>>> print(open('model.txt').read())   # compact mmCIF, C-alpha atoms (C1' of nucleotides)
# COMPACT_ATOMS: atom_id res chain seq x y z
CA MET V 433 104.06 80.22 95.64
CA LEU V 434 101.34 82.76 95.77
CA GLN V 435 98.84 82.09 98.46
CA ILE V 436 95.27 83.09 98.13
CA THR V 437 94.54 81.91 101.58
CA VAL V 438 91.06 80.79 102.43
CA THR V 439 90.36 82.14 105.84
CA THR V 440 87.23 82.59 107.84
CA ASP V 441 88.91 85.35 109.81
CA ALA V 442 90.88 87.74 107.66
CA GLU V 443 92.10 89.52 110.76
CA THR V 444 94.31 86.66 111.82
CA GLY V 445 96.60 87.96 109.12
CA LEU V 446 97.00 84.68 107.35
CA CYS V 447 96.94 86.14 103.88
CA PRO V 448 99.68 88.49 102.64
CA VAL V 449 97.47 90.10 100.05
CA ARG V 450 94.78 90.84 102.60
CA SER V 451 97.19 91.93 105.30
CA VAL V 452 100.07 93.65 103.52
CA LEU V 453 98.74 94.78 100.20
CA THR V 454 95.27 96.05 101.04
CA PRO V 455 96.46 98.92 103.26
CA VAL V 456 98.76 100.25 100.54
CA LEU V 457 96.26 99.89 97.73
CA GLY V 458 93.57 102.45 97.14
CA LYS V 459 93.71 105.80 95.45
CA TRP V 460 95.33 107.90 98.14
CA SER V 461 98.03 105.52 99.30
CA THR V 462 99.06 104.96 95.72
CA LEU V 463 99.22 108.67 95.01
CA VAL V 464 101.19 109.36 98.20
CA LEU V 465 103.75 106.70 97.41
CA LEU V 466 104.20 107.97 93.87
CA ALA V 467 104.53 111.54 95.11
CA LEU V 468 107.45 110.54 97.31
CA GLU V 469 109.20 108.61 94.58
CA ASP V 470 111.81 111.28 93.82
CA GLY V 471 112.85 111.93 97.41
CA PRO V 472 111.68 113.27 100.76
CA GLN V 473 108.94 115.86 100.69
CA ARG V 474 107.08 117.97 103.16
CA PHE V 475 103.45 117.62 104.14
CA SER V 476 102.26 120.72 102.32
CA TRP V 477 104.15 119.80 99.16
CA ILE V 478 102.52 116.38 99.05
CA LYS V 479 99.13 117.92 99.67
CA ARG V 480 99.63 120.49 96.94
CA THR V 481 100.92 117.88 94.50
CA ILE V 482 98.03 115.52 94.92
CA GLY V 483 95.64 118.42 94.92
CA ASP V 484 92.31 117.01 95.87
CA VAL V 485 93.07 115.54 99.25
CA THR V 486 92.22 117.04 102.61
CA SER V 487 94.65 117.32 105.52
CA ARG V 488 92.69 114.84 107.51
CA VAL V 489 92.78 112.14 104.88
CA LEU V 490 96.39 112.80 103.92
CA THR V 491 97.49 112.56 107.55
CA GLU V 492 95.58 109.33 107.92
CA LYS V 493 97.25 107.75 104.89
CA LEU V 494 100.69 108.94 105.90
CA ARG V 495 100.20 107.39 109.34
CA THR V 496 99.15 104.06 107.93
CA LEU V 497 102.12 103.99 105.59
CA GLU V 498 104.43 104.97 108.43
CA ARG V 499 102.98 102.32 110.71
CA ASP V 500 103.59 99.61 108.15
CA GLY V 501 107.18 100.76 107.78
CA HIS V 502 106.93 102.08 104.24
CA LEU V 503 107.89 105.62 105.05
CA ALA V 504 109.66 107.59 107.75
CA ARG V 505 108.56 110.85 109.32
CA HIS V 506 111.11 113.54 110.19
CA VAL V 507 110.33 116.56 112.33
CA ASP V 508 112.42 119.72 112.09
CA ALA V 509 111.60 121.74 115.17
CA GLY V 510 111.21 125.47 114.77
CA SER V 511 108.49 127.86 113.99
CA PRO V 512 106.92 127.02 111.72
CA VAL V 513 107.58 123.34 112.23
CA LYS V 514 108.74 121.42 109.18
CA VAL V 515 107.78 117.80 108.77
CA SER V 516 109.01 115.67 105.92
CA TYR V 517 108.27 112.18 104.76
CA GLU V 518 110.65 109.81 103.09
CA LEU V 519 110.28 106.36 101.63
CA THR V 520 112.04 103.57 103.48
CA SER V 521 113.65 100.72 101.57
CA SER V 522 110.35 98.91 101.89
CA GLY V 523 108.52 101.89 100.48
CA ARG V 524 110.96 102.24 97.62
CA ALA V 525 110.50 98.58 96.75
CA LEU V 526 106.79 99.13 96.73
CA VAL V 527 106.91 102.19 94.49
CA ALA V 528 109.16 100.35 92.09
CA LEU V 529 106.36 97.83 91.73
CA TYR V 530 103.75 100.56 91.41
CA ARG V 531 105.46 102.42 88.61
CA PRO V 532 104.62 99.83 85.97
CA LEU V 533 101.03 99.95 87.17
CA ALA V 534 100.91 103.71 86.84
CA ILE V 535 102.35 103.49 83.36
CA TRP V 536 99.86 100.79 82.44
CA ALA V 537 97.05 102.95 83.81
CA GLU V 538 98.12 105.77 81.58
CA GLU V 539 98.31 103.55 78.52
CA SER V 540 94.95 101.93 79.24
CA PHE V 541 93.18 105.18 80.00
CA GLU V 542 91.40 105.55 76.66
CA ALA V 543 90.61 101.88 76.23
CA VAL V 544 89.03 101.68 79.66
CA LYS V 545 86.91 104.73 79.05
CA ARG V 546 85.71 103.23 75.78
CA ALA V 547 84.96 99.89 77.46
CA ARG V 548 82.82 101.67 80.04
CA VAL V 549 80.80 103.56 77.49
CA LYS V 550 80.20 100.36 75.56
CA TYR V 551 79.17 98.44 78.66
CA ASP V 552 76.84 101.16 79.84
CA ALA V 553 75.15 101.34 76.45
CA ARG V 554 73.53 97.95 76.93
CA MET A 1436 105.73 110.64 82.03
CA LEU A 1437 103.73 109.78 85.07
CA GLN A 1438 100.99 112.23 85.74
CA ILE A 1439 99.80 112.93 89.20
CA THR A 1440 97.18 115.24 87.94
CA VAL A 1441 95.99 118.05 90.13
CA THR A 1442 92.30 118.26 89.59
CA THR A 1443 89.48 119.86 91.46
CA ASP A 1444 87.08 117.40 89.93
CA ALA A 1445 88.41 113.87 89.97
CA GLU A 1446 85.34 112.71 88.05
CA THR A 1447 86.39 114.42 84.86
CA GLY A 1448 88.70 111.46 84.53
CA LEU A 1449 91.82 113.50 84.02
CA CYS A 1450 94.05 111.26 86.08
CA PRO A 1451 94.81 107.69 85.02
CA VAL A 1452 95.64 106.58 88.52
CA ARG A 1453 92.37 107.90 89.86
CA SER A 1454 90.29 106.69 86.95
CA VAL A 1455 91.85 103.42 85.83
CA LEU A 1456 93.80 102.10 88.76
CA THR A 1457 91.50 102.84 91.68
CA PRO A 1458 88.69 100.53 90.55
CA VAL A 1459 91.06 97.59 90.21
CA LEU A 1460 92.87 98.20 93.47
CA GLY A 1461 91.43 97.08 96.74
CA LYS A 1462 91.37 93.70 98.38
CA TRP A 1463 88.62 91.99 96.41
CA SER A 1464 89.52 93.11 92.91
CA THR A 1465 93.11 92.06 93.48
CA LEU A 1466 92.06 88.67 94.77
CA VAL A 1467 89.64 88.12 91.88
CA LEU A 1468 92.25 88.99 89.29
CA LEU A 1469 94.82 86.69 90.88
CA ALA A 1470 92.26 83.89 91.10
CA LEU A 1471 91.73 84.05 87.35
CA GLU A 1472 95.41 84.10 86.53
CA ASP A 1473 95.63 80.47 85.48
CA GLY A 1474 92.64 80.49 83.18
CA PRO A 1475 88.85 80.83 83.04
CA GLN A 1476 86.96 79.84 86.15
CA ARG A 1477 83.39 79.61 87.20
CA PHE A 1478 81.65 81.82 89.71
CA SER A 1479 81.43 79.22 92.45
CA TRP A 1480 85.08 78.24 92.03
CA ILE A 1481 86.21 81.84 92.45
CA LYS A 1482 83.98 82.23 95.46
CA ARG A 1483 85.30 79.05 97.04
CA THR A 1484 88.89 79.98 96.30
CA ILE A 1485 88.74 83.41 97.85
CA GLY A 1486 86.72 82.02 100.70
CA ASP A 1487 85.55 85.02 102.65
CA VAL A 1488 83.55 86.86 100.06
CA THR A 1489 79.80 86.91 99.66
CA SER A 1490 77.95 86.41 96.39
CA ARG A 1491 76.79 89.96 96.46
CA VAL A 1492 80.25 91.46 96.78
CA LEU A 1493 81.86 89.04 94.35
CA THR A 1494 79.22 89.78 91.72
CA GLU A 1495 79.77 93.47 92.23
CA LYS A 1496 83.53 93.19 91.72
CA LEU A 1497 83.19 90.91 88.71
CA ARG A 1498 80.82 93.43 87.13
CA THR A 1499 83.20 96.33 87.67
CA LEU A 1500 86.10 94.38 86.21
CA GLU A 1501 83.94 93.34 83.26
CA ARG A 1502 82.78 96.88 82.69
CA ASP A 1503 86.32 98.16 82.52
CA GLY A 1504 87.17 95.46 80.01
CA HIS A 1505 89.51 93.44 82.20
CA LEU A 1506 87.52 90.24 82.06
CA ALA A 1507 84.88 88.56 79.92
CA ARG A 1508 81.80 86.73 81.08
CA HIS A 1509 80.64 83.57 79.32
CA VAL A 1510 77.27 81.97 79.91
CA ASP A 1511 76.71 78.29 79.13
CA ALA A 1512 72.97 77.80 79.04
CA GLY A 1513 71.56 74.67 80.60
CA SER A 1514 70.34 73.58 83.93
CA PRO A 1515 72.19 74.35 86.04
CA VAL A 1516 73.55 77.35 84.20
CA LYS A 1517 77.31 77.63 84.04
CA VAL A 1518 78.98 81.02 84.00
CA SER A 1519 82.68 81.46 83.64
CA TYR A 1520 84.97 84.43 83.78
CA GLU A 1521 88.15 84.89 81.85
CA LEU A 1522 90.78 87.57 81.80
CA THR A 1523 90.99 89.67 78.65
CA SER A 1524 94.35 90.81 77.33
CA SER A 1525 93.91 93.89 79.42
CA GLY A 1526 93.24 91.79 82.49
CA ARG A 1527 96.22 89.58 81.82
CA ALA A 1528 98.47 92.60 81.50
CA LEU A 1529 97.14 93.82 84.81
CA VAL A 1530 97.67 90.53 86.60
CA ALA A 1531 101.18 90.34 85.25
CA LEU A 1532 101.82 93.62 87.03
CA TYR A 1533 100.09 92.39 90.18
CA ARG A 1534 102.10 89.23 90.51
CA PRO A 1535 105.29 91.01 91.67
CA LEU A 1536 103.16 92.89 94.18
CA ALA A 1537 101.71 89.66 95.52
CA ILE A 1538 105.16 88.17 95.81
CA TRP A 1539 106.45 91.29 97.52
CA ALA A 1540 103.49 91.14 99.90
CA GLU A 1541 104.41 87.64 100.85
CA GLU A 1542 108.05 88.50 101.40
CA SER A 1543 107.19 91.59 103.43
CA PHE A 1544 104.58 89.88 105.54
CA GLU A 1545 106.69 89.37 108.65
CA ALA A 1546 108.49 92.70 108.44
CA VAL A 1547 105.22 94.59 108.18
CA LYS A 1548 103.71 92.77 111.13
CA ARG A 1549 106.80 93.62 113.18
CA ALA A 1550 106.67 97.26 112.11
CA ARG A 1551 103.07 97.49 113.24
CA VAL A 1552 103.77 96.02 116.65
CA LYS A 1553 106.66 98.43 117.11
CA TYR A 1554 104.61 101.43 116.02
CA ASP A 1555 101.69 100.51 118.23
CA ALA A 1556 103.97 100.11 121.26
CA ARG A 1557 104.60 103.85 121.47
C1' DC S 1089 103.11 124.64 108.91
C1' DA S 1090 101.21 120.44 110.05
C1' DG S 1091 98.24 118.86 111.91
C1' DC S 1092 93.72 117.49 115.25
C1' DA S 1093 88.61 117.73 116.46
C1' DT S 1094 84.07 117.33 115.03
C1' DC S 1095 80.36 116.46 112.18
C1' DC S 1096 78.22 113.85 108.84
C1' DG S 1097 76.83 111.92 104.35
C1' DG S 1098 78.06 108.29 101.15
C1' DT S 1099 79.82 103.98 100.07
C1' DC S 1100 81.38 99.51 101.11
C1' DC S 1101 80.36 95.29 102.60
C1' DG S 1102 78.51 91.34 105.53
C1' DA S 1103 74.33 88.56 106.71
C1' DT S 1104 70.27 86.63 105.30
C1' DA S 1105 66.64 85.27 102.30
C1' DC S 1106 65.01 84.17 97.86
C1' DT S 1107 64.92 82.66 92.52
C1' DG S 1108 65.17 80.99 87.33
C1' DC H 188 74.44 77.26 89.88
C1' DA H 189 74.74 82.00 89.73
C1' DG H 190 73.06 85.20 91.00
C1' DT H 191 69.32 89.26 92.95
C1' DA H 192 66.91 91.80 96.88
C1' DT H 193 66.99 93.96 101.08
C1' DC H 194 68.76 95.66 105.30
C1' DG H 195 71.87 97.50 108.52
C1' DG H 196 76.34 98.54 110.38
C1' DA H 197 81.18 99.81 109.66
C1' DC H 198 84.20 102.56 107.51
C1' DC H 199 85.81 106.05 104.20
C1' DG H 200 86.39 110.47 103.30
C1' DG H 201 84.84 115.54 102.57
C1' DA H 202 83.93 120.20 104.89
C1' DT H 203 84.93 123.26 108.37
C1' DG H 204 87.15 125.25 112.28
C1' DC H 205 90.88 125.43 115.51
C1' DT H 206 95.95 125.23 117.43
C1' DG H 207 101.16 124.99 119.03
>>> encode(input="model.txt", output="C-alpha cells")
Amino acid sequence: MLQITVTTDAETGLCPVRSVLTPVLGKWSTLVLLALEDGPQRFSWIKRTIGDVTSRVLTEKLRTLERDGHLARHVDAGSPVKVSYELTSSGRALVALYRPLAIWAEESFEAVKRARVKYDAR
Amino acid sequence: MLQITVTTDAETGLCPVRSVLTPVLGKWSTLVLLALEDGPQRFSWIKRTIGDVTSRVLTEKLRTLERDGHLARHVDAGSPVKVSYELTSSGRALVALYRPLAIWAEESFEAVKRARVKYDAR
DNA sequence: CAGCATCCGGTCCGATACTG
DNA sequence: CAGTATCGGACCGGATGCTG
C-alpha cells in the first residue's frame, strides 16, 4: 500500500515519497534522466542537449542522482578528460516511469495553457 | 516524440516538461495529488493527511493545481464553510501516472538509503 | 573538458497571528 | 473551517571567472 506518512520530522526518512521521490523530481533532474535514456553521455553533451542549464547546476543534479544510485559516473583519464554518465538499473526503472509523464506533458501542453489563461482572466 | 527542447527562454513555454510537468512535480504537489486519489476531500482532511504542511503552503499548491486544471474547487456555503477539492480528468490521468512512481519509491526506499550512506562514506 | 569557487538575487517555505 | 497576512530564513539556481 501507498503510504502518505504523517511525520513531524520529514528528515527521519519515514516517507518514501518525501525521501526517494522528491530528490528526483523537479525540472532539472527530470531533464537529466530523460537525456540519458538512450545510453551513456558525456557532461558537455548533456549540457548542450538541455540547453538552458549552467555547469554548476548540472553538476549538482548529476551528483545528487549519482549519490542516490540512479546513475554512474565514469572518468576516462587523458587530456582533455572525458567524463560520462550512465543510468543504473535503478535509473532506468525511474526513466521508464517518467516517459509516460513526459508524453502526458506533451499531450496536455495546450490544455494546460488554456486552463491558465482562463484562470487568470478572473 | 519526446522533446527536450533547447530554449534560451524557458518562459516562452516551448518545452512541455518545463511548462507542464515542473509545476506538478515537487514534494507537495505530488502528495496533494496522491491524497485526492480516492475522491474529493476537504481542505482540513488533506492538511491532516499530509501532516507536515502549513495552510499557507497547502493553499498555494492547491491554487497552482487548480490553475493548471488538474483539480476543481467546490465551496459549500454555510457556517462553517466547507470547501472540497476534486481531481479533474486531467488530474486523474496525472495521478495514474504518479502511482507507479510512488510504488517504485517505496520499493527503492532501502536501496536508496544504502546508496547514500555508501556515497557519503567516501 | 569538466568541473569548482564565489557572489547574489529570487523563490520556497515554515512559524505565527488573524479573520469571515 | 478555510483560509489570508506578514515576516524571516533556507535553499535554489543564474552569472561570471578560474583550473588541472
>>> closest_atom_pairs(input="model.txt", of="chain V", to="chain A", cutoff="8 Å", atoms="all atoms listed in the file", output="JSON lines")
{"residue": "V:Leu434", "atom": "CA", "partner": "A:Ile1538", "partner_atom": "CA", "distance": 6.6}
{"residue": "V:Ile436", "atom": "CA", "partner": "A:Ile1485", "partner_atom": "CA", "distance": 6.5}
{"residue": "V:Thr437", "atom": "CA", "partner": "A:Ile1485", "partner_atom": "CA", "distance": 7.1}
{"residue": "V:Val438", "atom": "CA", "partner": "A:Gly1486", "partner_atom": "CA", "distance": 4.8}
{"residue": "V:Thr439", "atom": "CA", "partner": "A:Gly1486", "partner_atom": "CA", "distance": 6.3}
{"residue": "V:Thr440", "atom": "CA", "partner": "A:Asp1487", "partner_atom": "CA", "distance": 6.0}
{"residue": "V:Asp441", "atom": "CA", "partner": "A:Asp1487", "partner_atom": "CA", "distance": 7.9}
{"residue": "V:Ala442", "atom": "CA", "partner": "A:Asp1487", "partner_atom": "CA", "distance": 7.8}
{"residue": "V:Pro448", "atom": "CA", "partner": "A:Glu1541", "partner_atom": "CA", "distance": 5.1}
{"residue": "V:Val449", "atom": "CA", "partner": "A:Ala1540", "partner_atom": "CA", "distance": 6.1}
{"residue": "V:Arg450", "atom": "CA", "partner": "A:Lys1462", "partner_atom": "CA", "distance": 6.1}
{"residue": "V:Ser451", "atom": "CA", "partner": "A:Phe1544", "partner_atom": "CA", "distance": 7.7}
{"residue": "V:Val452", "atom": "CA", "partner": "A:Ala1540", "partner_atom": "CA", "distance": 5.6}
{"residue": "V:Leu453", "atom": "CA", "partner": "A:Ala1540", "partner_atom": "CA", "distance": 6.0}
{"residue": "V:Thr454", "atom": "CA", "partner": "A:Lys1462", "partner_atom": "CA", "distance": 5.3}
{"residue": "V:Leu457", "atom": "CA", "partner": "A:Gly1461", "partner_atom": "CA", "distance": 5.7}
{"residue": "V:Gly458", "atom": "CA", "partner": "A:Leu1460", "partner_atom": "CA", "distance": 5.7}
{"residue": "V:Lys459", "atom": "CA", "partner": "A:Thr1457", "partner_atom": "CA", "distance": 5.3}
{"residue": "V:Leu463", "atom": "CA", "partner": "A:Ile1439", "partner_atom": "CA", "distance": 7.2}
{"residue": "V:Ala467", "atom": "CA", "partner": "A:Ile1439", "partner_atom": "CA", "distance": 7.7}
{"residue": "V:Thr481", "atom": "CA", "partner": "A:Val1441", "partner_atom": "CA", "distance": 6.6}
{"residue": "V:Ile482", "atom": "CA", "partner": "A:Val1441", "partner_atom": "CA", "distance": 5.8}
{"residue": "V:Gly483", "atom": "CA", "partner": "A:Val1441", "partner_atom": "CA", "distance": 4.8}
{"residue": "V:Asp484", "atom": "CA", "partner": "A:Thr1443", "partner_atom": "CA", "distance": 6.0}
{"residue": "V:Arg499", "atom": "CA", "partner": "A:Arg1551", "partner_atom": "CA", "distance": 5.5}
{"residue": "V:Asp500", "atom": "CA", "partner": "A:Val1547", "partner_atom": "CA", "distance": 5.3}
{"residue": "V:Gly501", "atom": "CA", "partner": "A:Ala1550", "partner_atom": "CA", "distance": 5.6}
{"residue": "V:Leu526", "atom": "CA", "partner": "A:Leu1536", "partner_atom": "CA", "distance": 7.7}
{"residue": "V:Leu529", "atom": "CA", "partner": "A:Leu1536", "partner_atom": "CA", "distance": 6.4}
{"residue": "V:Pro532", "atom": "CA", "partner": "A:Leu1532", "partner_atom": "CA", "distance": 6.9}
{"residue": "V:Leu533", "atom": "CA", "partner": "A:Leu1532", "partner_atom": "CA", "distance": 6.4}
{"residue": "V:Ala534", "atom": "CA", "partner": "A:Val1452", "partner_atom": "CA", "distance": 6.2}
{"residue": "V:Ile535", "atom": "CA", "partner": "A:Leu1437", "partner_atom": "CA", "distance": 6.7}
{"residue": "V:Trp536", "atom": "CA", "partner": "A:Leu1529", "partner_atom": "CA", "distance": 7.8}
{"residue": "V:Ala537", "atom": "CA", "partner": "A:Pro1451", "partner_atom": "CA", "distance": 5.4}
{"residue": "V:Glu538", "atom": "CA", "partner": "A:Pro1451", "partner_atom": "CA", "distance": 5.1}
{"residue": "V:Ser540", "atom": "CA", "partner": "A:Val1455", "partner_atom": "CA", "distance": 7.4}
{"residue": "V:Phe541", "atom": "CA", "partner": "A:Pro1451", "partner_atom": "CA", "distance": 5.8}
{"residue": "V:Val544", "atom": "CA", "partner": "A:Asp1503", "partner_atom": "CA", "distance": 5.3}
{"residue": "V:Lys545", "atom": "CA", "partner": "A:Asp1503", "partner_atom": "CA", "distance": 7.5}
{"residue": "V:Ala547", "atom": "CA", "partner": "A:Asp1503", "partner_atom": "CA", "distance": 5.5}
{"residue": "V:Arg548", "atom": "CA", "partner": "A:Arg1502", "partner_atom": "CA", "distance": 5.5}
{"residue": "V:Tyr551", "atom": "CA", "partner": "A:Arg1502", "partner_atom": "CA", "distance": 5.6}
{"residue": "V:Asp552", "atom": "CA", "partner": "A:Arg1502", "partner_atom": "CA", "distance": 7.9}
>>> interface_residues(input="model.txt", of="chain A", to="chain H", cutoff="10 Å", atoms="only C-alpha atoms (C1' of nucleotides)", output="number ranges by chain")
A: 1477-1479, 1490-1491, 1494, 1514-1518
>>> axis_aligned_box(input="model.txt", around="segment 189-205 of chain H", padding_each_side="4 Å", output="AutoDock Vina command-line options")
--center_x 78.9 --center_y 103.7 --center_z 102.6 --size_x 32.0 --size_y 51.4 --size_z 33.8
>>> calpha_fit_and_write(input="model.txt", fixed="chain A", moving="chain V", output="mmCIF file with C-alpha atoms, in the frame of the given file")
data_model
loop_
_atom_site.group_PDB
_atom_site.id
_atom_site.type_symbol
_atom_site.label_atom_id
_atom_site.label_comp_id
_atom_site.auth_asym_id
_atom_site.auth_seq_id
_atom_site.Cartn_x
_atom_site.Cartn_y
_atom_site.Cartn_z
ATOM 1 C CA MET V 433 105.737 110.674 82.064
ATOM 2 C CA LEU V 434 103.688 109.785 85.044
ATOM 3 C CA GLN V 435 100.981 112.257 85.748
ATOM 4 C CA ILE V 436 99.760 112.916 89.202
ATOM 5 C CA THR V 437 97.161 115.247 87.922
ATOM 6 C CA VAL V 438 95.920 118.001 90.149
ATOM 7 C CA THR V 439 92.231 118.169 89.601
ATOM 8 C CA THR V 440 89.419 119.776 91.475
ATOM 9 C CA ASP V 441 87.015 117.265 89.979
ATOM 10 C CA ALA V 442 88.340 113.736 89.982
ATOM 11 C CA GLU V 443 85.285 112.589 88.080
ATOM 12 C CA THR V 444 86.322 114.324 84.901
ATOM 13 C CA GLY V 445 88.693 111.411 84.563
ATOM 14 C CA LEU V 446 91.774 113.487 84.062
ATOM 15 C CA CYS V 447 94.032 111.268 86.099
ATOM 16 C CA PRO V 448 94.834 107.692 85.032
ATOM 17 C CA VAL V 449 95.648 106.567 88.533
ATOM 18 C CA ARG V 450 92.372 107.892 89.873
ATOM 19 C CA SER V 451 90.314 106.678 86.944
ATOM 20 C CA VAL V 452 91.895 103.414 85.817
ATOM 21 C CA LEU V 453 93.800 102.087 88.762
ATOM 22 C CA THR V 454 91.500 102.815 91.685
ATOM 23 C CA PRO V 455 88.691 100.504 90.522
ATOM 24 C CA VAL V 456 91.070 97.556 90.193
ATOM 25 C CA LEU V 457 92.867 98.161 93.461
ATOM 26 C CA GLY V 458 91.426 97.031 96.745
ATOM 27 C CA LYS V 459 91.394 93.645 98.367
ATOM 28 C CA TRP V 460 88.660 91.929 96.404
ATOM 29 C CA SER V 461 89.541 93.068 92.908
ATOM 30 C CA THR V 462 93.118 92.035 93.484
ATOM 31 C CA LEU V 463 92.103 88.622 94.754
ATOM 32 C CA VAL V 464 89.681 88.086 91.859
ATOM 33 C CA LEU V 465 92.293 88.956 89.275
ATOM 34 C CA LEU V 466 94.846 86.648 90.859
ATOM 35 C CA ALA V 467 92.298 83.845 91.067
ATOM 36 C CA LEU V 468 91.748 84.023 87.321
ATOM 37 C CA GLU V 469 95.433 84.073 86.507
ATOM 38 C CA ASP V 470 95.647 80.425 85.427
ATOM 39 C CA GLY V 471 92.632 80.457 83.125
ATOM 40 C CA PRO V 472 88.859 80.827 82.999
ATOM 41 C CA GLN V 473 86.951 79.846 86.100
ATOM 42 C CA ARG V 474 83.373 79.618 87.177
ATOM 43 C CA PHE V 475 81.633 81.827 89.697
ATOM 44 C CA SER V 476 81.431 79.210 92.427
ATOM 45 C CA TRP V 477 85.068 78.218 91.983
ATOM 46 C CA ILE V 478 86.212 81.807 92.408
ATOM 47 C CA LYS V 479 84.000 82.206 95.441
ATOM 48 C CA ARG V 480 85.301 79.014 96.998
ATOM 49 C CA THR V 481 88.910 79.929 96.243
ATOM 50 C CA ILE V 482 88.761 83.341 97.803
ATOM 51 C CA GLY V 483 86.758 81.962 100.668
ATOM 52 C CA ASP V 484 85.607 84.924 102.639
ATOM 53 C CA VAL V 485 83.636 86.811 100.048
ATOM 54 C CA THR V 486 79.877 86.905 99.693
ATOM 55 C CA SER V 487 78.011 86.428 96.416
ATOM 56 C CA ARG V 488 76.864 89.983 96.450
ATOM 57 C CA VAL V 489 80.320 91.457 96.766
ATOM 58 C CA LEU V 490 81.898 89.000 94.344
ATOM 59 C CA THR V 491 79.265 89.769 91.714
ATOM 60 C CA GLU V 492 79.836 93.463 92.214
ATOM 61 C CA LYS V 493 83.594 93.165 91.705
ATOM 62 C CA LEU V 494 83.222 90.912 88.696
ATOM 63 C CA ARG V 495 80.867 93.445 87.109
ATOM 64 C CA THR V 496 83.239 96.318 87.655
ATOM 65 C CA LEU V 497 86.121 94.363 86.180
ATOM 66 C CA GLU V 498 83.965 93.328 83.241
ATOM 67 C CA ARG V 499 82.800 96.882 82.664
ATOM 68 C CA ASP V 500 86.354 98.151 82.508
ATOM 69 C CA GLY V 501 87.209 95.462 79.980
ATOM 70 C CA HIS V 502 89.533 93.426 82.169
ATOM 71 C CA LEU V 503 87.547 90.241 82.030
ATOM 72 C CA ALA V 504 84.906 88.571 79.899
ATOM 73 C CA ARG V 505 81.797 86.768 81.075
ATOM 74 C CA HIS V 506 80.609 83.606 79.319
ATOM 75 C CA VAL V 507 77.220 82.028 79.898
ATOM 76 C CA ASP V 508 76.624 78.351 79.167
ATOM 77 C CA ALA V 509 72.877 77.910 79.065
ATOM 78 C CA GLY V 510 71.430 74.817 80.665
ATOM 79 C CA SER V 511 70.217 73.789 84.010
ATOM 80 C CA PRO V 512 72.047 74.541 86.110
ATOM 81 C CA VAL V 513 73.459 77.503 84.247
ATOM 82 C CA LYS V 514 77.235 77.715 84.078
ATOM 83 C CA VAL V 515 78.919 81.085 84.014
ATOM 84 C CA SER V 516 82.642 81.501 83.634
ATOM 85 C CA TYR V 517 84.966 84.444 83.759
ATOM 86 C CA GLU V 518 88.138 84.892 81.808
ATOM 87 C CA LEU V 519 90.806 87.547 81.768
ATOM 88 C CA THR V 520 91.012 89.655 78.634
ATOM 89 C CA SER V 521 94.375 90.784 77.301
ATOM 90 C CA SER V 522 93.944 93.886 79.412
ATOM 91 C CA GLY V 523 93.261 91.777 82.462
ATOM 92 C CA ARG V 524 96.237 89.553 81.791
ATOM 93 C CA ALA V 525 98.475 92.598 81.500
ATOM 94 C CA LEU V 526 97.153 93.790 84.801
ATOM 95 C CA VAL V 527 97.709 90.498 86.602
ATOM 96 C CA ALA V 528 101.222 90.343 85.244
ATOM 97 C CA LEU V 529 101.829 93.623 87.032
ATOM 98 C CA TYR V 530 100.108 92.393 90.177
ATOM 99 C CA ARG V 531 102.143 89.238 90.537
ATOM 100 C CA PRO V 532 105.284 91.032 91.675
ATOM 101 C CA LEU V 533 103.160 92.891 94.201
ATOM 102 C CA ALA V 534 101.719 89.671 95.550
ATOM 103 C CA ILE V 535 105.180 88.196 95.835
ATOM 104 C CA TRP V 536 106.432 91.325 97.560
ATOM 105 C CA ALA V 537 103.481 91.160 99.948
ATOM 106 C CA GLU V 538 104.416 87.647 100.872
ATOM 107 C CA GLU V 539 108.049 88.544 101.439
ATOM 108 C CA SER V 540 107.177 91.630 103.477
ATOM 109 C CA PHE V 541 104.559 89.899 105.579
ATOM 110 C CA GLU V 542 106.688 89.410 108.692
ATOM 111 C CA ALA V 543 108.462 92.739 108.478
ATOM 112 C CA VAL V 544 105.191 94.617 108.211
ATOM 113 C CA LYS V 545 103.715 92.813 111.167
ATOM 114 C CA ARG V 546 106.794 93.664 113.211
ATOM 115 C CA ALA V 547 106.651 97.312 112.111
ATOM 116 C CA ARG V 548 103.045 97.521 113.278
ATOM 117 C CA VAL V 549 103.757 96.085 116.682
ATOM 118 C CA LYS V 550 106.642 98.495 117.120
ATOM 119 C CA TYR V 551 104.581 101.483 116.034
ATOM 120 C CA ASP V 552 101.681 100.574 118.266
ATOM 121 C CA ALA V 553 103.964 100.190 121.269
ATOM 122 C CA ARG V 554 104.600 103.921 121.429
#
>>> closest_atom_pairs(input="model.txt", of="chain S", to="chain V", cutoff="12 Å", atoms="all atoms listed in the file", output="tab-separated table")
residue	atom	partner	partner_atom	distance
S:DC1089	C1'	V:Pro512	CA	5.3
S:DA1090	C1'	V:Phe475	CA	6.9
S:DG1091	C1'	V:Ser487	CA	7.5
S:DC1092	C1'	V:Arg488	CA	8.2
S:DA1093	C1'	V:Arg488	CA	10.3
S:DT1094	C1'	V:Arg488	CA	11.7
